[in-house]
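Data from structure-v8.tsv: TSV, C-alpha atoms
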chain	number	residue	atom	x	y	z
A	442	MET	CA	-52.34	-58.47	20.31
A	443	ASP	CA	-55.16	-55.96	20.11
A	444	ILE	CA	-56.48	-56.94	23.56
A	445	ALA	CA	-53.16	-55.91	25.13
A	446	VAL	CA	-53.27	-52.60	23.26
A	447	ARG	CA	-56.91	-52.02	24.22
A	448	ALA	CA	-56.13	-52.86	27.85
A	449	ALA	CA	-53.22	-50.40	27.92
A	450	VAL	CA	-55.22	-47.59	26.28
A	451	LEU	CA	-58.17	-48.12	28.63
A	452	TYR	CA	-55.88	-48.34	31.66
A	453	PHE	CA	-54.36	-44.95	30.94
A	454	PHE	CA	-57.78	-43.48	30.15
A	455	ILE	CA	-59.17	-44.71	33.48
A	456	VAL	CA	-56.12	-43.35	35.32
A	457	LEU	CA	-56.79	-40.00	33.66
A	458	VAL	CA	-60.51	-40.10	34.52
A	459	THR	CA	-59.96	-41.10	38.13
A	460	ARG	CA	-57.30	-38.43	38.59
A	461	VAL	CA	-59.39	-35.63	37.14
A	462	ILE	CA	-62.70	-36.42	38.82
A	463	GLY	CA	-61.09	-35.93	42.21
A	464	ARG	CA	-60.23	-38.14	45.10
A	465	ARG	CA	-63.50	-37.95	46.98
A	466	GLU	CA	-65.34	-39.86	44.27
A	467	LEU	CA	-62.85	-42.70	44.53
A	468	SER	CA	-63.40	-43.54	48.13
A	469	SER	CA	-67.01	-42.55	48.67
A	470	LEU	CA	-69.94	-44.66	47.61
A	471	SER	CA	-72.88	-42.29	47.49
A	472	ALA	CA	-75.66	-43.21	45.05
A	473	LEU	CA	-74.21	-40.94	42.35
A	474	ASP	CA	-70.65	-42.20	42.77
A	475	LEU	CA	-71.92	-45.78	42.56
A	476	ILE	CA	-73.37	-45.03	39.11
A	477	LEU	CA	-69.95	-43.95	37.87
A	478	LEU	CA	-68.24	-47.05	39.22
A	479	ILE	CA	-70.80	-49.47	37.76
A	480	VAL	CA	-70.95	-47.80	34.35
A	481	LEU	CA	-67.18	-47.51	34.20
A	482	GLY	CA	-66.68	-51.22	34.78
A	483	ASP	CA	-69.33	-52.31	32.32
A	484	ALA	CA	-68.34	-49.89	29.54
A	485	VAL	CA	-64.67	-50.78	29.84
A	486	GLN	CA	-65.34	-54.50	29.66
A	487	GLN	CA	-67.19	-54.09	26.35
A	488	GLY	CA	-64.33	-52.20	24.77
A	489	LEU	CA	-61.67	-54.41	26.25
A	490	THR	CA	-62.50	-57.94	25.17
A	491	GLN	CA	-65.44	-57.26	22.82
A	492	ASP	CA	-66.68	-60.59	21.46
A	493	ASP	CA	-63.68	-62.51	22.71
A	494	TYR	CA	-65.00	-64.97	25.29
A	495	SER	CA	-61.81	-66.99	25.46
A	496	VAL	CA	-59.79	-67.71	28.60
A	497	THR	CA	-56.69	-66.61	26.67
A	498	GLY	CA	-58.25	-63.22	25.93
A	499	ALA	CA	-59.23	-62.71	29.57
A	500	MET	CA	-55.75	-63.70	30.73
A	501	ILE	CA	-54.11	-61.26	28.30
A	502	ALA	CA	-56.36	-58.43	29.50
A	503	VAL	CA	-55.79	-59.16	33.18
A	504	SER	CA	-52.04	-59.65	32.71
A	505	THR	CA	-51.67	-56.39	30.81
A	506	ILE	CA	-53.55	-54.37	33.40
A	507	ALA	CA	-51.73	-56.08	36.27
A	508	ALA	CA	-48.37	-55.36	34.63
A	509	LEU	CA	-49.31	-51.71	34.08
A	510	GLN	CA	-50.52	-51.47	37.66
A	511	VAL	CA	-47.26	-52.87	39.04
A	512	GLY	CA	-45.29	-50.68	36.64
A	513	SER	CA	-47.15	-47.54	37.79
A	514	SER	CA	-46.71	-48.52	41.40
A	515	TYR	CA	-42.97	-49.07	40.91
A	516	LEU	CA	-42.67	-45.76	39.10
A	517	SER	CA	-44.44	-44.01	41.98
A	518	PHE	CA	-42.11	-45.73	44.43
A	519	ARG	CA	-38.99	-44.72	42.52
A	520	SER	CA	-39.95	-41.21	41.55
A	521	LYS	CA	-41.63	-38.60	43.72
A	522	ARG	CA	-42.62	-36.69	40.64
A	523	ALA	CA	-44.32	-39.75	39.18
A	524	ALA	CA	-46.06	-40.40	42.50
A	525	ARG	CA	-47.33	-36.86	42.50
A	526	VAL	CA	-48.78	-37.26	39.00
A	527	LEU	CA	-50.14	-40.78	39.40
A	528	GLU	CA	-51.36	-40.69	42.99
A	529	GLY	CA	-51.44	-37.07	44.07
A	530	LEU	CA	-50.45	-35.55	47.40
A	531	PRO	CA	-52.25	-35.34	50.74
A	532	LEU	CA	-54.25	-32.21	51.45
A	533	VAL	CA	-54.75	-30.66	54.87
A	534	LEU	CA	-58.43	-29.99	55.59
A	535	ILE	CA	-58.20	-29.17	59.29
A	536	ASP	CA	-55.04	-27.58	60.65
A	537	ARG	CA	-54.70	-27.65	64.44
A	538	GLY	CA	-58.46	-27.43	64.86
A	539	GLU	CA	-59.01	-24.79	62.15
A	540	ILE	CA	-60.92	-25.77	59.04
A	541	VAL	CA	-59.04	-24.86	55.84
A	542	ASP	CA	-61.98	-23.70	53.72
A	543	GLU	CA	-59.98	-23.17	50.55
A	544	ASN	CA	-58.87	-26.79	50.50
A	545	LEU	CA	-62.40	-28.04	51.16
A	546	ARG	CA	-63.67	-26.00	48.21
A	547	ARG	CA	-60.86	-27.26	46.05
A	548	GLU	CA	-61.97	-30.85	46.62
A	549	ARG	CA	-65.70	-30.02	46.60
A	550	ILE	CA	-66.13	-31.20	50.19
A	551	SER	CA	-68.74	-29.45	52.32
A	552	GLN	CA	-68.37	-29.13	56.09
A	553	ASP	CA	-71.38	-31.43	56.42
A	554	GLU	CA	-69.60	-34.11	54.41
A	555	LEU	CA	-66.49	-33.67	56.50
A	556	ALA	CA	-68.61	-34.01	59.64
A	557	GLY	CA	-70.07	-37.20	58.17
A	558	GLU	CA	-66.57	-38.56	57.62
A	559	MET	CA	-65.74	-37.71	61.23
A	560	ARG	CA	-68.76	-39.55	62.54
A	561	THR	CA	-67.69	-42.71	60.69
A	562	GLN	CA	-64.54	-42.52	62.78
A	563	GLN	CA	-66.46	-41.97	66.04
A	564	ILE	CA	-65.66	-38.27	66.24
A	565	ALA	CA	-68.66	-36.14	67.16
A	566	SER	CA	-67.35	-32.59	66.93
A	567	PHE	CA	-64.84	-30.50	65.01
A	568	ASP	CA	-63.58	-29.35	68.40
A	569	GLU	CA	-62.07	-32.79	68.96
A	570	VAL	CA	-60.05	-32.74	65.73
A	571	GLN	CA	-56.46	-31.53	65.60
A	572	TRP	CA	-55.75	-32.55	62.00
A	573	ALA	CA	-57.85	-33.78	59.09
A	574	ILE	CA	-55.98	-34.85	56.00
A	575	LEU	CA	-57.41	-35.93	52.67
A	576	GLU	CA	-55.12	-38.76	51.67
A	577	SER	CA	-54.16	-39.51	48.09
A	578	ASN	CA	-56.44	-42.59	48.08
A	579	GLY	CA	-59.48	-40.40	48.81
A	580	THR	CA	-59.97	-41.25	52.47
A	581	VAL	CA	-59.89	-38.60	55.20
A	582	SER	CA	-57.61	-39.25	58.18
A	583	PHE	CA	-58.46	-37.55	61.46
A	584	ILE	CA	-56.01	-36.99	64.27
A	585	LYS	CA	-57.68	-36.08	67.57
A	586	LYS	CA	-56.52	-33.37	69.90
A	587	GLY	CA	-54.28	-34.71	72.59
A	588	GLY	CA	-54.17	-38.07	70.81
B	429	MET	CA	-47.11	-35.50	70.06
B	430	ALA	CA	-45.46	-33.94	67.01
B	431	ASP	CA	-46.83	-30.55	65.99
B	432	VAL	CA	-47.36	-31.57	62.36
B	433	PRO	CA	-48.04	-35.15	61.23
B	434	ASP	CA	-45.07	-36.91	59.64
B	435	ALA	CA	-44.69	-36.51	55.89
B	436	ILE	CA	-47.06	-33.54	55.87
B	437	VAL	CA	-45.45	-30.37	54.57
B	438	LEU	CA	-47.66	-27.46	55.57
B	439	LYS	CA	-46.49	-25.11	52.84
B	440	ARG	CA	-47.25	-27.76	50.23
B	441	ASP	CA	-50.21	-29.66	51.71
B	442	ARG	CA	-52.06	-26.83	53.46
B	443	ASP	CA	-50.95	-23.62	51.73
B	444	LEU	CA	-50.70	-25.41	48.36
B	445	GLU	CA	-47.35	-23.84	47.57
B	446	GLY	CA	-46.30	-25.15	44.16
B	447	ARG	CA	-49.66	-26.91	43.81
B	448	ARG	CA	-52.06	-24.12	43.00
B	449	HIS	CA	-51.73	-24.73	39.28
B	450	GLU	CA	-52.63	-28.43	39.68
B	451	ILE	CA	-56.32	-27.70	40.03
B	452	TRP	CA	-56.29	-25.92	36.66
B	453	ILE	CA	-54.55	-28.84	35.02
B	454	ARG	CA	-57.19	-31.10	36.54
B	455	ARG	CA	-60.03	-28.85	35.42
B	456	GLY	CA	-58.53	-28.59	31.94
B	457	LEU	CA	-58.25	-32.35	31.63
B	458	PHE	CA	-61.73	-32.75	33.05
B	459	ALA	CA	-63.06	-30.39	30.38
B	460	LEU	CA	-61.76	-32.84	27.78
B	461	LEU	CA	-64.21	-35.51	28.94
B	462	PRO	CA	-67.44	-33.64	28.12
B	463	LEU	CA	-65.67	-32.35	25.03
B	464	LEU	CA	-65.28	-35.94	23.91
B	465	SER	CA	-69.04	-36.43	24.41
B	466	LEU	CA	-69.82	-33.25	22.50
B	467	VAL	CA	-67.61	-34.29	19.61
B	468	ALA	CA	-69.39	-37.67	19.62
B	469	LEU	CA	-72.74	-35.86	19.37
B	470	THR	CA	-71.57	-34.27	16.12
B	471	ASN	CA	-71.31	-37.75	14.60
B	472	ALA	CA	-67.51	-37.60	14.56
B	473	PHE	CA	-67.31	-41.25	15.68
B	474	GLY	CA	-70.37	-42.53	13.81
B	475	GLN	CA	-72.78	-44.02	13.16
B	476	HIS	CA	-75.34	-41.62	11.76
B	477	PRO	CA	-75.94	-42.50	8.07
B	478	THR	CA	-75.50	-40.12	5.18
B	479	THR	CA	-76.57	-40.29	1.56
B	480	SER	CA	-74.20	-39.88	-1.38
B	481	SER	CA	-75.61	-39.64	-4.83
B	482	LYS	CA	-74.57	-39.26	-8.44
B	483	THR	CA	-76.60	-38.90	-11.59
B	484	ALA	CA	-75.74	-39.79	-15.17
B	485	SER	CA	-77.88	-40.03	-18.28
B	486	ALA	CA	-78.58	-43.71	-17.70
B	487	ALA	CA	-79.29	-43.72	-13.97
B	488	THR	CA	-79.08	-42.12	-10.58
B	489	LEU	CA	-77.08	-44.00	-7.99
B	490	GLN	CA	-77.61	-43.31	-4.29
B	491	VAL	CA	-75.68	-44.87	-1.44
B	492	TYR	CA	-77.14	-44.53	2.05
B	493	GLY	CA	-75.04	-45.66	4.97
B	494	SER	CA	-72.79	-44.53	7.75
B	495	PRO	CA	-69.39	-43.20	6.68
B	496	ARG	CA	-68.12	-43.75	10.24
B	497	LEU	CA	-68.50	-46.92	12.26
B	498	ARG	CA	-66.88	-48.50	15.28
B	499	SER	CA	-65.58	-52.00	15.87
B	500	GLY	CA	-68.38	-54.48	16.48
B	501	LEU	CA	-71.23	-52.31	15.23
B	502	LEU	CA	-74.10	-53.69	13.19
B	503	PHE	CA	-75.03	-51.53	10.24
B	504	GLU	CA	-77.34	-51.27	7.27
B	505	ALA	CA	-76.58	-49.63	3.94
B	506	ARG	CA	-78.82	-49.14	0.94
B	507	ILE	CA	-77.74	-48.87	-2.66
B	508	ARG	CA	-80.53	-47.32	-4.71
B	509	ILE	CA	-80.49	-47.35	-8.49
B	510	HIS	CA	-83.01	-45.25	-10.36
B	511	ALA	CA	-82.81	-46.26	-14.00
B	512	HIS	CA	-83.52	-43.40	-16.42
B	513	SER	CA	-83.24	-45.81	-19.28
B	514	GLU	CA	-83.23	-49.59	-19.19
B	515	ILE	CA	-80.17	-51.21	-17.69
B	516	GLU	CA	-79.94	-54.61	-19.29
B	517	ARG	CA	-77.39	-56.21	-16.97
B	518	ALA	CA	-77.04	-54.04	-13.89
B	519	ARG	CA	-73.96	-54.75	-11.84
B	520	VAL	CA	-72.52	-52.96	-8.84
B	521	VAL	CA	-68.90	-53.23	-7.79
B	522	LEU	CA	-68.18	-52.46	-4.14
B	523	GLY	CA	-64.97	-50.91	-2.86
B	524	PRO	CA	-62.83	-52.72	-0.29
B	525	GLY	CA	-64.50	-50.85	2.59
B	526	TRP	CA	-67.62	-52.94	2.08
B	527	THR	CA	-65.92	-56.25	2.66
B	528	GLN	CA	-62.52	-55.94	4.35
B	529	GLY	CA	-62.81	-56.48	8.09
B	530	ILE	CA	-66.58	-56.66	7.80
B	531	THR	CA	-68.90	-59.63	8.08
B	532	LEU	CA	-71.71	-59.21	5.58
B	533	ASN	CA	-74.78	-60.78	7.12
B	534	SER	CA	-77.17	-60.33	4.24
B	535	ILE	CA	-77.56	-58.71	0.85
B	536	GLU	CA	-81.20	-58.40	-0.21
B	537	PRO	CA	-82.56	-58.97	-2.76
B	538	GLY	CA	-80.02	-61.72	-3.36
B	539	PRO	CA	-77.85	-60.87	-6.37
B	540	VAL	CA	-78.19	-62.96	-9.52
B	541	GLY	CA	-74.48	-63.61	-9.32
B	542	GLU	CA	-71.32	-62.66	-7.51
B	543	ALA	CA	-67.82	-62.33	-8.84
B	544	SER	CA	-64.50	-60.67	-8.23
B	545	ALA	CA	-63.81	-57.56	-10.27
B	546	ASP	CA	-60.12	-56.83	-9.94
B	547	GLY	CA	-60.28	-57.91	-6.29
B	548	ARG	CA	-63.54	-56.12	-5.52
B	549	LEU	CA	-66.90	-57.67	-4.87
B	550	SER	CA	-69.07	-57.54	-7.97
B	551	LEU	CA	-72.81	-58.16	-7.62
B	552	GLU	CA	-74.93	-58.98	-10.66
B	553	LEU	CA	-78.40	-57.48	-10.17
B	554	GLY	CA	-80.11	-58.36	-13.46
B	555	ARG	CA	-82.36	-56.12	-15.52
B	556	VAL	CA	-83.63	-52.77	-14.24
B	557	PRO	CA	-86.35	-51.37	-16.53
B	558	ALA	CA	-86.46	-47.66	-17.37
B	559	SER	CA	-88.02	-45.46	-14.65
B	560	GLN	CA	-87.80	-48.31	-12.16
B	561	VAL	CA	-86.01	-48.20	-8.83
B	562	TYR	CA	-83.85	-51.02	-7.54
B	563	VAL	CA	-82.81	-50.95	-3.88
B	564	LEU	CA	-80.12	-53.29	-2.59
B	565	TYR	CA	-80.02	-53.69	1.18
B	566	VAL	CA	-76.64	-54.57	2.65
B	567	GLU	CA	-76.49	-55.53	6.30
B	568	GLY	CA	-73.37	-56.42	8.18
B	569	GLN	CA	-71.20	-56.07	11.22
B	570	VAL	CA	-67.76	-54.57	11.67
B	571	ASN	CA	-65.32	-57.17	12.93
B	572	GLY	CA	-64.02	-56.53	16.44
B	573	THR	CA	-60.43	-55.91	15.39
B	574	THR	CA	-61.11	-53.76	12.34
B	575	VAL	CA	-59.90	-50.16	12.44
B	576	GLY	CA	-58.87	-47.60	9.86
B	577	ARG	CA	-60.09	-45.89	6.76
B	578	ARG	CA	-60.82	-47.44	3.40
B	579	SER	CA	-62.63	-46.75	0.18
B	580	ALA	CA	-66.30	-47.71	0.10
B	581	ASP	CA	-66.97	-46.66	-3.48
B	582	VAL	CA	-69.91	-48.09	-5.38
B	583	THR	CA	-69.67	-48.36	-9.15
B	584	LEU	CA	-72.65	-49.14	-11.36
B	585	TYR	CA	-72.15	-51.01	-14.61
B	586	ASP	CA	-74.40	-52.18	-17.38
B	587	GLY	CA	-72.61	-55.37	-18.31
B	588	ALA	CA	-69.04	-54.24	-18.97
B	589	ASN	CA	-70.10	-50.64	-19.55
B	590	ARG	CA	-69.31	-48.39	-16.59
B	591	LEU	CA	-72.22	-46.03	-15.97
B	592	LEU	CA	-71.32	-44.05	-12.87
B	593	GLU	CA	-69.55	-44.22	-9.54
B	594	VAL	CA	-70.27	-42.86	-6.06
B	595	HIS	CA	-67.15	-42.18	-4.02
B	596	ARG	CA	-67.35	-42.83	-0.31
B	597	THR	CA	-64.90	-43.47	2.46
B	598	LEU	CA	-65.56	-45.63	5.47
B	599	THR	CA	-63.75	-44.83	8.70
B	600	ILE	CA	-63.81	-47.40	11.47
B	601	PHE	CA	-62.91	-46.32	14.99
B	602	PRO	CA	-61.51	-48.83	17.51
Can the structure in the file be given as structure tokens, please?
Amino acid sequence: MDIAVRAAVLYFFIVLVTRVIGRRELSSLSALDLILLIVLGDAVQQGLTQDDYSVTGAMIAVSTIAALQVGSSYLSFRSKRAARVLEGLPLVLIDRGEIVDENLRRERISQDELAGEMRTQQIASFDEVQWAILESNGTVSFIKKGG
Amino acid sequence: MADVPDAIVLKRDRDLEGRRHEIWIRRGLFALLPLLSLVALTNAFGQHPTTSSKTASAATLQVYGSPRLRSGLLFEARIRIHAHSEIERARVVLGPGWTQGITLNSIEPGPVGEASADGRLSLELGRVPASQVYVLYVEGQVNGTTVGRRSADVTLYDGANRLLEVHRTLTIFP
């Protein structure tokens, strides 16, 4: 029974951590972000199953987290308020070609980083961008002018 | 082409109307994470050891060990008896915190005998001459599912005669 309880507690703790660290860290894989992801996975595993090496224990842990994941997803689907809390809302970073500095600062994104994101989507210049939107999953969507 | 992408509400998603407070909630929650680390540095969750001691005319009893542990941790505790006068048949009785939910790996030097004293573990240590020190090393591991708080008292007897007791509490975090 304790594995299910541990899994639930750790699930909610990780949801809290991932929500408060900001969306950028979720989607990007810079060297520093990679450290967080690796350490998170390893530390959680220790606390989750401890010395239980059984298949049953692993199945309980996976089932609990999967059930919580589906439950959260369903809650987000049914309730806009829950979706806002669990997943967040999109954020406009470029509005009709104008960079929204306040929103960049809010998410700790520099213009250089935003330019880097653009280049990954084959966009060379800010002049080409009509809209840039930080999605709730941490990725940045670009909509080109005249697109 | 639409002026604003579908599902984007400019007042909400660009001007942050009704969302400005969210960043402060996020920052507040984020502040809790380093706070947790700081609290941990103060030994709130173990496992820095402390010493508890009590003196009577016959002996001084010292217990060195961590009052806070976490599931799965290995630990060492020392029970030190300084006999002021000879203790003919030294015996220590350990509170439930020493044994419940804990795997005792070793007790050194090995006791002369073991028994149950009203449900508690009683260890016969033999004779401790006056002015001599007897140190009992207890090493163990907290079982993975053990949590909670329990008494980890240590009582020193000379045969059936109770000499003194050190009160301790062991808290085990999940």
*Write out as a ChimeraX atom specification each polymer residue whose atoms come within 7 Å of segment 567-569 of chain B, counting all atoms listed in the file; drop sequence neighbours fewer than 5 positions from it.*
/B:500-505,530-535
Where does chain B meet chain A within 9 Å, residue by residue, with the nearest atom pair and distance in Å to one decimal for each, counting all atoms listed in the file, listed by chain and rising number, as a tab-separated table?
residue	atom	partner	partner_atom	distance
B:Met429	CA	A:Gly588	CA	7.6
B:Asp431	CA	A:Arg537	CA	8.5
B:Val432	CA	A:Trp572	CA	8.5
B:Pro433	CA	A:Trp572	CA	8.2
B:Ile436	CA	A:Pro531	CA	7.5
B:Leu438	CA	A:Val533	CA	7.8
B:Arg440	CA	A:Leu532	CA	8.4
B:Asp441	CA	A:Leu532	CA	4.8
B:Arg442	CA	A:Val533	CA	4.9
B:Asp443	CA	A:Val533	CA	8.6
B:Leu444	CA	A:Leu532	CA	8.3
B:Ile451	CA	A:Arg547	CA	7.6
B:Ile453	CA	A:Val461	CA	8.6
B:Arg454	CA	A:Val461	CA	5.1
B:Arg455	CA	A:Val461	CA	7.0
B:Gly456	CA	A:Val461	CA	8.8
B:Leu457	CA	A:Val461	CA	6.5
B:Phe458	CA	A:Val461	CA	5.5
B:Leu461	CA	A:Val458	CA	8.1
B:Ser499	CA	A:Gln491	CA	8.7
B:Gly500	CA	A:Gln491	CA	7.5
B:Gly572	CA	A:Gln491	CA	6.6
B:Thr573	CA	A:Asp443	CA	7.1
B:Pro602	CA	A:Gly488	CA	8.5
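Residues in contact with segment 579-582 of chain B at up to 7 Å, not including ones fewer than 3 positions away on its chain and judged by only C-alpha atoms, are Val520, Val521, Leu522, Gly523, Pro524, Gly525, Trp526, Glu593, Val594, His595, Arg596, Thr597 and Leu598 of chain B.
You will find atom CA of Asp483 of chain A at 19.4 Å from atom CA of Ala468 of chain B.
Atom to atom, atom CA of Gly554 of chain B and atom CA of Leu489 of chain B stand 15.7 Å apart.
Atom CA of Pro477 of chain B lies 16.6 Å from atom CA of Arg578 of chain B.
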*asked:* For a cutoff of 7 Å around the file-coordinate point (-76.0, -43.5, -17.7), which residues qualify once you count only C-alpha atoms? I'd like the result as a PyMOL selection string.
replied: chain B and resi 484-487+591-592
*asked:* Need to verify the contact set: segment 566-569 of chain A, 8 Å, only C-alpha atoms, exclusion of same-chain residues closer than 6 positions in sequence. Can you return it as a list in words?
replied: Gly538, Ala556, Met559, Lys585 and Lys586 of chain A
Please produce an output containing C-alpha atoms for each residue in the selection, written as a PDB file, in the frame of the given file.
ATOM      1  CA  GLY A 538     -58.460 -27.430  64.860  1.00  0.00           C
ATOM      2  CA  ALA A 556     -68.610 -34.010  59.640  1.00  0.00           C
ATOM      3  CA  MET A 559     -65.740 -37.710  61.230  1.00  0.00           C
ATOM      4  CA  LYS A 585     -57.680 -36.080  67.570  1.00  0.00           C
ATOM      5  CA  LYS A 586     -56.520 -33.370  69.900  1.00  0.00           C
TER       6      LYS A 586
END
*List every protein, DNA or RNA residue with an atom no more than 6 Å from (-82.7, -52.4, -18.9) in the file's coordinates, counting only C-alpha atoms, and format the result as number ranges by chain.*
B: 514-516, 555-557
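For the residues B:Thr599, B:Gln490, B:Thr574, B:Gln528, ranking by smallest atom-to-atom distance to Ala472 of chain B using all atoms listed in the file places B:Thr599 first.
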Kindly reconstruct segment 498-512 of chain B with N, CA and C atoms and present the result as a PDB file, in the frame of the given file.
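Below is the file part-v7.pdb, written as the result:
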ATOM      1  N   ARG B 498     -67.832 -48.081  14.235  1.00  0.00           N
ATOM      2  CA  ARG B 498     -66.880 -48.500  15.280  1.00  0.00           C
ATOM      3  C   ARG B 498     -66.842 -50.023  15.309  1.00  0.00           C
ATOM      4  N   SER B 499     -65.750 -50.548  15.831  1.00  0.00           N
ATOM      5  CA  SER B 499     -65.580 -52.000  15.870  1.00  0.00           C
ATOM      6  C   SER B 499     -66.790 -52.656  16.532  1.00  0.00           C
ATOM      7  N   GLY B 500     -67.290 -53.704  15.895  1.00  0.00           N
ATOM      8  CA  GLY B 500     -68.380 -54.480  16.480  1.00  0.00           C
ATOM      9  C   GLY B 500     -69.772 -54.010  16.130  1.00  0.00           C
ATOM     10  N   LEU B 501     -69.892 -52.846  15.499  1.00  0.00           N
ATOM     11  CA  LEU B 501     -71.230 -52.310  15.230  1.00  0.00           C
ATOM     12  C   LEU B 501     -71.939 -53.042  14.100  1.00  0.00           C
ATOM     13  N   LEU B 502     -73.249 -53.207  14.272  1.00  0.00           N
ATOM     14  CA  LEU B 502     -74.100 -53.690  13.190  1.00  0.00           C
ATOM     15  C   LEU B 502     -74.506 -52.478  12.360  1.00  0.00           C
ATOM     16  N   PHE B 503     -74.640 -52.666  11.076  1.00  0.00           N
ATOM     17  CA  PHE B 503     -75.030 -51.530  10.240  1.00  0.00           C
ATOM     18  C   PHE B 503     -75.889 -51.996   9.072  1.00  0.00           C
ATOM     19  N   GLU B 504     -76.594 -51.013   8.502  1.00  0.00           N
ATOM     20  CA  GLU B 504     -77.340 -51.270   7.270  1.00  0.00           C
ATOM     21  C   GLU B 504     -76.975 -50.201   6.262  1.00  0.00           C
ATOM     22  N   ALA B 505     -76.812 -50.601   5.019  1.00  0.00           N
ATOM     23  CA  ALA B 505     -76.580 -49.630   3.940  1.00  0.00           C
ATOM     24  C   ALA B 505     -77.545 -49.958   2.812  1.00  0.00           C
ATOM     25  N   ARG B 506     -77.907 -48.931   2.067  1.00  0.00           N
ATOM     26  CA  ARG B 506     -78.820 -49.140   0.940  1.00  0.00           C
ATOM     27  C   ARG B 506     -78.200 -48.547  -0.323  1.00  0.00           C
ATOM     28  N   ILE B 507     -78.226 -49.347  -1.364  1.00  0.00           N
ATOM     29  CA  ILE B 507     -77.740 -48.870  -2.660  1.00  0.00           C
ATOM     30  C   ILE B 507     -78.973 -48.777  -3.564  1.00  0.00           C
ATOM     31  N   ARG B 508     -79.286 -47.556  -3.972  1.00  0.00           N
ATOM     32  CA  ARG B 508     -80.530 -47.320  -4.710  1.00  0.00           C
ATOM     33  C   ARG B 508     -80.181 -46.905  -6.134  1.00  0.00           C
ATOM     34  N   ILE B 509     -80.738 -47.653  -7.072  1.00  0.00           N
ATOM     35  CA  ILE B 509     -80.490 -47.350  -8.490  1.00  0.00           C
ATOM     36  C   ILE B 509     -81.817 -46.902  -9.106  1.00  0.00           C
ATOM     37  N   HIS B 510     -81.829 -45.720  -9.631  1.00  0.00           N
ATOM     38  CA  HIS B 510     -83.010 -45.250 -10.360  1.00  0.00           C
ATOM     39  C   HIS B 510     -82.625 -45.202 -11.835  1.00  0.00           C
ATOM     40  N   ALA B 511     -83.178 -46.149 -12.576  1.00  0.00           N
ATOM     41  CA  ALA B 511     -82.810 -46.260 -14.000  1.00  0.00           C
ATOM     42  C   ALA B 511     -83.575 -45.218 -14.818  1.00  0.00           C
ATOM     43  N   HIS B 512     -82.855 -44.372 -15.523  1.00  0.00           N
ATOM     44  CA  HIS B 512     -83.520 -43.400 -16.420  1.00  0.00           C
ATOM     45  C   HIS B 512     -83.821 -44.068 -17.758  1.00  0.00           C
TER      46      HIS B 512
END
